[in-house]
Amino acid sequence: MEGVFERITWNSNYPNVDNEEKPSEEKEAMAFHWRHDDYPRPTVVCVHGFLATSWEFNNFYLGLKSLYDIGCDVVLKILPHHGRRNHPSPGPGGLHYVSGGIQNLNHSVIQSTYDIRSLIDYLIQEKGVNQVGLTGFSLGAYTASLMAGLDKRLSFVMPFNPIVSIPDAMMEWKPLDSIVKKIMQYKSLDLCDARYSMAIHSPLSLVPLLPADRLMIVAGRADRMASPRHAEALHKHWG
């Protein structure tokens, strides 16, 4: 691999609101930075989907090498509870992102935005990058879409196969929907309750800080993981 490829880590500045000691893996933010070795280039930060942290997978869906080949530097941002950030637990790495209940999931999403903003700080202040764009796939697209309403420094935001409501998306995934229904029944919740409890971080809850010509949505009409109605709702909201 040409250029410079490195794993970068830093302390997540997300506040410990639960007053509990967190595993070190959760405190450490992480990303993979593939950059040219001459001078800072326009940089595209890519955010992976749920359980999908591998470089190869994201290269296929987000075109990491193609972005590098046209002259950009590329960053693959690792979400909380994924990859090496997943504290020891049974099941696939990343499962704890959603397995700790609604409160834990809310913290996971919000911590993701804190970490991306501190990553942008690092790229601009430490690496001298003057243009940073953001893209993501599925859950990463959800996060990227949320960032469009949080950080006006971004040159563009382009979500691939976005979702705009995590509860609705989970109810569409087989066989996860049956598990979610049982949990909601046990907690005496309905879908409206779940939507309300997670509305704080829905991309539909924020007005985008970027103009329309710096926003782009990529989606598939027949997508069965992120149904088109999510992209259509985001398109309508963004205008």
# chains A, B, ... in the order shown; residues from 1 in each chain; ligands from 1
>>> residues_around(residues="Pro228 in chain A", least_positions_apart="2", cutoff="12 Å", atoms="only C-alpha atoms", output="count of residues only")
24
>>> select_by_dssp(residues="range 157-213 of chain A", states="strand (DSSP E)", output="list in words")
Val157, Met158, Pro159 and Phe160 of chain A
>>> write_last_selection(atoms="C-alpha atoms", output="PDB file, in the first residue's frame")
ATOM      1  CA  VAL A 157     -21.890  15.066   3.921  1.00  0.00           C
ATOM      2  CA  MET A 158     -22.847  12.093   1.733  1.00  0.00           C
ATOM      3  CA  PRO A 159     -24.636   9.201   3.459  1.00  0.00           C
ATOM      4  CA  PHE A 160     -24.907   5.843   1.684  1.00  0.00           C
TER       5      PHE A 160
END
>>> residues_around(residues="range 68-85 of chain A", least_positions_apart="4", cutoff="7 Å", atoms="only C-alpha atoms", output="VMD selection string")
chain A and resid 25 to 26 28 30 to 36 41 to 48 51 53 64 93 to 94 96 to 97 108 112
>>> atom_distance(atom1="CA of Leu146 in chain A", atom2="CA of Arg214 in chain A")
14.4 Å
>>> select_by_dssp(residues="range 117-197 of chain A", states="helix (DSSP H, G or I)", output="MDAnalysis selection string")
chainID A and resid 117:126 139:147 166:172 176:186 191:197
>>> write_last_selection(atoms="C-alpha atoms", output="compact mmCIF listing (two decimals), in the first residue's frame")
# COMPACT_ATOMS: atom_id res chain seq x y z
CA ARG A 117 -15.80 16.20 15.95
CA SER A 118 -12.55 15.63 17.84
CA LEU A 119 -11.22 13.77 14.78
CA ILE A 120 -12.02 16.82 12.64
CA ASP A 121 -10.18 18.97 15.20
CA TYR A 122 -7.14 16.68 14.84
CA LEU A 123 -7.16 16.74 11.04
CA ILE A 124 -7.48 20.53 10.85
CA GLN A 125 -5.30 21.58 13.78
CA GLU A 126 -2.65 18.87 13.85
CA LEU A 139 -25.37 3.04 10.69
CA GLY A 140 -22.39 5.09 9.56
CA ALA A 141 -24.73 6.98 7.23
CA TYR A 142 -27.04 7.63 10.18
CA THR A 143 -24.09 9.10 12.06
CA ALA A 144 -22.91 11.13 9.07
CA SER A 145 -26.42 12.50 8.50
CA LEU A 146 -26.57 13.53 12.15
CA MET A 147 -23.23 15.33 11.82
CA ILE A 166 -32.99 3.23 14.55
CA PRO A 167 -36.16 1.70 16.08
CA ASP A 168 -37.86 1.54 12.66
CA ALA A 169 -34.74 0.07 11.06
CA MET A 170 -34.43 -2.61 13.74
CA MET A 171 -38.09 -3.57 13.25
CA GLU A 172 -37.37 -4.08 9.54
CA LEU A 176 -33.85 -8.97 14.85
CA ASP A 177 -37.40 -7.64 14.75
CA SER A 178 -38.74 -10.58 16.79
CA ILE A 179 -36.10 -10.00 19.48
CA VAL A 180 -36.84 -6.27 19.58
CA LYS A 181 -40.58 -6.92 19.86
CA LYS A 182 -40.03 -9.20 22.85
CA ILE A 183 -37.83 -6.62 24.56
CA MET A 184 -40.36 -3.85 23.92
CA GLN A 185 -43.15 -6.05 25.24
CA TYR A 186 -41.10 -6.86 28.35
CA LEU A 191 -42.80 1.77 18.62
CA CYS A 192 -43.83 5.37 19.31
CA ASP A 193 -42.18 5.19 22.75
CA ALA A 194 -38.97 3.86 21.19
CA ARG A 195 -38.95 6.58 18.52
CA TYR A 196 -39.48 9.26 21.15
CA SER A 197 -36.69 7.92 23.37
>>> closest_residue(among="A:Gly128, A:Gly100, A:Gly149, A:Pro208", to="Thr113 in chain A", atoms="only C-alpha atoms")
A:Gly149
>>> closest_residue(among="A:Ala199, A:Val207, A:Asp38, A:Leu189", to="Asn106 in chain A", atoms="only C-alpha atoms")
A:Ala199
